[in-house]
2 protein chains.
Amino acid sequence: MAVSKKAVRDAIVDTARYIFARFGYRKTTMDAIARAARKGKSSVYYYFKNKEEIFLAVVNKEVAVVKEEIRNAIASTSDPKEKLTIYVLTRMRVLYRIAHFYSSFREEYLQEYDFIQRFREDLDRYETKIILDILRDGIRKKIFSIEDPTTAANSIVVALKGFEYYWGTEENITKLEKQTEDMLEMLYRGILKK
Amino acid sequence: MAVSKKAVRDAIVDTARYIFARFGYRKTTMDAIARAARKGKSSVYYYFKNKEEIFLAVVNKEVAVVKEEIRNAIASTSDPKEKLTIYVLTRMRVLYRIAHFYSSFREEYLQEYDFIQRFREDLDRYETKIILDILRDGIRKKIFSIEDPTTAANSIVVALKGFEYYWGTEENITKLEKQTEDMLEMLYRGILKK
DNA sequence: ATTTTGAACAAAAAACTATTTTGGTCGAAA
DNA sequence: TTTCGACCAAAATAGTTTTTTGTTCAAAAT
């Protein structure tokens with residue numbers, strides 16, 4: 001066992017990632033993955049049960065990287081307001097980058113697959129939790145004043161979906177960041193006169 | 001001329017509306033529209049240039065009804081805060097109703113048609129204008145305190161898209177309204193401690 | 001003059017068939 | 001333990017024929 005089984009699995013996942021990104025899920029063939037990984041097709045089946053399992057591994061790794069990246073970004077400050085801003089901007093930038101990497105998926109009717117649906121829900125829960133933690137920390141530090149943090153976190157997550165859609169259409173990334181920052185500023189100040 | 005040309009056109013649009021709603025754009029045939037309107041297929045062409053023109057007429061009428069409904073709803077109060085709340089809730093309810101009426105369009109890849117894209121952009125501009133008017137009125141009445149109302153209006157429109165998506169998935173309409181009201185309350189108060 | 005319609009037709013969709021590709025299995029070889 | 005060629009059923013694709021559908025137009029009805 002010169003290289004571990006896990007190492008080969010990881011290598012296959014890494015090469016598969018590029019092929020999925022370029023051709024989408026449906027048009028990516030097991031043979032293409034195998035050839036890119038310099039393996040026979042049936043060898044790939046020694047490491048993965050089927051195509052879906054490979055794709056799931058790619059997605060999971062992507063999610064792990066995203067979470068890691070976000071965790072690092074928000075670790076740079078302990079100020080809740082700053083933290084929320086950094087979180088939102090990082091989240092948008094990362095998702096923007098991923099959406100462009102997997103650009104071929106735009107034309108694919110991928111939402112049908114129920115494991116994608118589940119993955120989406122998982123990510124929503126993760127996001128709600130992070131925001132809720134930041135909000136609670138802000139309340140504890142007497143920087144935020146929020147009646148119902150759980151509801152607030154949910155609202156923010158839902159609103160961010162609108163901005164996510166916006167980030168999907170608009171190309172000018174500087175404008176996107178400006179718009180997102182402005183939205184956050186509005187959230188912080190509220191619009192009512194005090 | 002027992003009935004005016006316009007009346008017949010309107011009647012065709014009204015019947016076509018139901019057929020489009022049930023079958024979607026592609027699966028709706030000119031023959032089905034004609035039969036439902038108790039006309040020969042070629043008679044319909046006396047009133048409309050082609051299928052797209054009928055569909056456009058249906059959409060335009062729908063938009064007119066929506067705008068009218070929203071206009072009526074927000075006319076019920078002159079208080080800017082109340083007005084904004086009523087606007088958002090009415091908008092959501094109306095779009096929810098329409099989305100369910102045209103449920104067959106969900107499986108249709110309709111976003112390709114460029115006239116749908118233009119229609120979407122028009123609606124965005126309309127929405128931004130209404131919100132901007134409310135915000136400005138609120139500032140004038142010294143109820144709102146907003147640095148840049150234009151940017152704020154844009155942000156609200158974008159955020160509402162997230163809620164629109166949410167209204168598309170969630171079925172419990174009471175929960176939807178509660179969530180939307182909570183989001184607005186947060187917007188009004190802001191989350192920062194004063 | 002205005003409105004309606006049947007007949008006709010090109011273009012698109014659907015149905016059908018033949019062919020190729022592809023996801024997945026298995027036993028043997030390395 | 002790992003790799004792979006040979007194999008297969010199912011699915012995708014390509015190619016062809018048939019049917020449906022959008023649109024036109026001249027003639028008939030009002």
# chains A, B, ... in the order shown; residues from 1 in each chain; ligands from 1
$ interface_residues --of "chain A" --to "chain D" --cutoff "9 Å" --atoms "only C-alpha atoms (C1' of nucleotides)" --output "PyMOL selection string"
chain A and resi 1+39-43+46
$ write_last_selection --atoms "N, CA and C atoms" --output "PDB file, in the first residue's frame"
ATOM      1  N   MET A   1       0.846  -1.204   0.000  1.00  0.00           N
ATOM      2  CA  MET A   1       0.000   0.000   0.000  1.00  0.00           C
ATOM      3  C   MET A   1       0.878   1.250   0.000  1.00  0.00           C
ATOM      4  N   LYS A  39      -7.018   6.007 -14.296  1.00  0.00           N
ATOM      5  CA  LYS A  39      -7.451   4.713 -13.775  1.00  0.00           C
ATOM      6  C   LYS A  39      -8.391   4.076 -14.787  1.00  0.00           C
ATOM      7  N   GLY A  40      -8.558   2.770 -14.699  1.00  0.00           N
ATOM      8  CA  GLY A  40      -9.607   2.127 -15.468  1.00  0.00           C
ATOM      9  C   GLY A  40     -10.951   2.469 -14.845  1.00  0.00           C
ATOM     10  N   LYS A  41     -11.993   2.439 -15.660  1.00  0.00           N
ATOM     11  CA  LYS A  41     -13.313   2.826 -15.163  1.00  0.00           C
ATOM     12  C   LYS A  41     -13.723   1.997 -13.955  1.00  0.00           C
ATOM     13  N   SER A  42     -13.495   0.691 -14.053  1.00  0.00           N
ATOM     14  CA  SER A  42     -13.953  -0.167 -12.950  1.00  0.00           C
ATOM     15  C   SER A  42     -13.114  -0.002 -11.684  1.00  0.00           C
ATOM     16  N   SER A  43     -11.926   0.558 -11.859  1.00  0.00           N
ATOM     17  CA  SER A  43     -11.120   0.846 -10.663  1.00  0.00           C
ATOM     18  C   SER A  43     -11.780   1.913  -9.808  1.00  0.00           C
ATOM     19  N   TYR A  46     -14.020   0.712  -7.367  1.00  0.00           N
ATOM     20  CA  TYR A  46     -13.428   0.115  -6.164  1.00  0.00           C
ATOM     21  C   TYR A  46     -13.419   1.132  -5.027  1.00  0.00           C
TER      22      TYR A  46
END
$ interface_residues --of "chain A" --to "chain C" --cutoff "12 Å" --atoms "only C-alpha atoms (C1' of nucleotides)" --output "count of residues only"
18
$ interface_residues --of "chain B" --to "chain A" --cutoff "10 Å" --atoms "only C-alpha atoms" --output "PyMOL selection string"
chain B and resi 81+109+135+138-139+142-149+151-166+178-194
$ residues_around --residues "Ile173 in chain B" --least-positions-apart "6" --cutoff "10 Å" --atoms "only C-alpha atoms (C1' of nucleotides)" --output "PyMOL selection string"
chain B and resi 93+96+167+179
$ atom_distance --atom1 "CA of Val58 in chain A" --atom2 "CA of Arg120 in chain A"
14.8 Å
$ residues_around --residues "Ile130 in chain A" --least-positions-apart "3" --cutoff "12 Å" --atoms "only C-alpha atoms (C1' of nucleotides)" --output "number ranges by chain"
A: 67, 70-71, 74, 80, 83-84, 87-88, 91, 123-127, 133-137, 149-150, 153-154, 156-157
$ write_last_selection --atoms "C-alpha atoms" --output "mmCIF file, in the first residue's frame"
data_model
loop_
_atom_site.group_PDB
_atom_site.id
_atom_site.type_symbol
_atom_site.label_atom_id
_atom_site.label_comp_id
_atom_site.auth_asym_id
_atom_site.auth_seq_id
_atom_site.Cartn_x
_atom_site.Cartn_y
_atom_site.Cartn_z
ATOM 1 C CA LYS A 67 -17.059 26.605 6.067
ATOM 2 C CA ILE A 70 -15.849 31.575 6.526
ATOM 3 C CA ARG A 71 -14.641 30.442 9.949
ATOM 4 C CA ILE A 74 -14.911 35.857 10.976
ATOM 5 C CA PRO A 80 -20.122 41.489 16.541
ATOM 6 C CA LYS A 83 -18.131 40.075 12.407
ATOM 7 C CA LEU A 84 -21.565 40.083 10.808
ATOM 8 C CA TYR A 87 -19.494 37.066 7.470
ATOM 9 C CA VAL A 88 -21.982 38.338 4.922
ATOM 10 C CA ARG A 91 -20.222 34.347 2.248
ATOM 11 C CA LEU A 123 -26.449 25.023 4.527
ATOM 12 C CA ASP A 124 -29.398 27.194 5.560
ATOM 13 C CA ARG A 125 -29.326 25.748 9.053
ATOM 14 C CA TYR A 126 -25.561 26.254 9.259
ATOM 15 C CA GLU A 127 -25.924 29.848 8.163
ATOM 16 C CA ASP A 133 -24.341 33.129 17.427
ATOM 17 C CA ILE A 134 -23.099 36.510 16.254
ATOM 18 C CA LEU A 135 -26.383 38.193 17.191
ATOM 19 C CA ARG A 136 -26.393 36.619 20.668
ATOM 20 C CA ASP A 137 -22.788 37.619 21.236
ATOM 21 C CA PRO A 149 -32.726 36.800 17.896
ATOM 22 C CA THR A 150 -33.918 33.520 16.400
ATOM 23 C CA ALA A 153 -31.431 35.350 12.245
ATOM 24 C CA ASN A 154 -34.037 33.629 10.098
ATOM 25 C CA ILE A 156 -31.437 37.778 7.700
ATOM 26 C CA VAL A 157 -30.844 34.385 6.101
#
$ atom_distance --atom1 "CA of Arg97 in chain B" --atom2 "CA of Phe23 in chain B"
17.2 Å
$ atom_distance --atom1 "CA of Tyr25 in chain B" --atom2 "CA of Gly24 in chain A"
27.4 Å
$ decode --residues "range 7-23 of chain C" --atoms "C-alpha atoms (C1' of nucleotides)" --output "PDB file, in the first residue's frame"
ATOM      1  C1'  DA C   7     -58.323  24.759 -46.394  1.00  0.00           C
ATOM      2  C1'  DA C   8     -53.550  24.649 -46.889  1.00  0.00           C
ATOM      3  C1'  DC C   9     -48.698  24.553 -45.503  1.00  0.00           C
ATOM      4  C1'  DA C  10     -44.189  25.045 -43.421  1.00  0.00           C
ATOM      5  C1'  DA C  11     -42.188  24.331 -39.142  1.00  0.00           C
ATOM      6  C1'  DA C  12     -42.043  22.255 -34.902  1.00  0.00           C
ATOM      7  C1'  DA C  13     -43.165  18.463 -31.798  1.00  0.00           C
ATOM      8  C1'  DA C  14     -43.904  13.767 -30.956  1.00  0.00           C
ATOM      9  C1'  DA C  15     -43.481   8.962 -31.846  1.00  0.00           C
ATOM     10  C1'  DC C  16     -40.776   5.376 -33.331  1.00  0.00           C
ATOM     11  C1'  DT C  17     -36.643   2.888 -34.495  1.00  0.00           C
ATOM     12  C1'  DA C  18     -31.858   1.826 -34.739  1.00  0.00           C
ATOM     13  C1'  DT C  19     -27.393   2.785 -32.809  1.00  0.00           C
ATOM     14  C1'  DT C  20     -24.168   4.251 -29.441  1.00  0.00           C
ATOM     15  C1'  DT C  21     -22.900   5.509 -24.957  1.00  0.00           C
ATOM     16  C1'  DT C  22     -22.796   4.929 -20.210  1.00  0.00           C
ATOM     17  C1'  DG C  23     -23.359   3.349 -15.335  1.00  0.00           C
TER      18       DG C  23
END
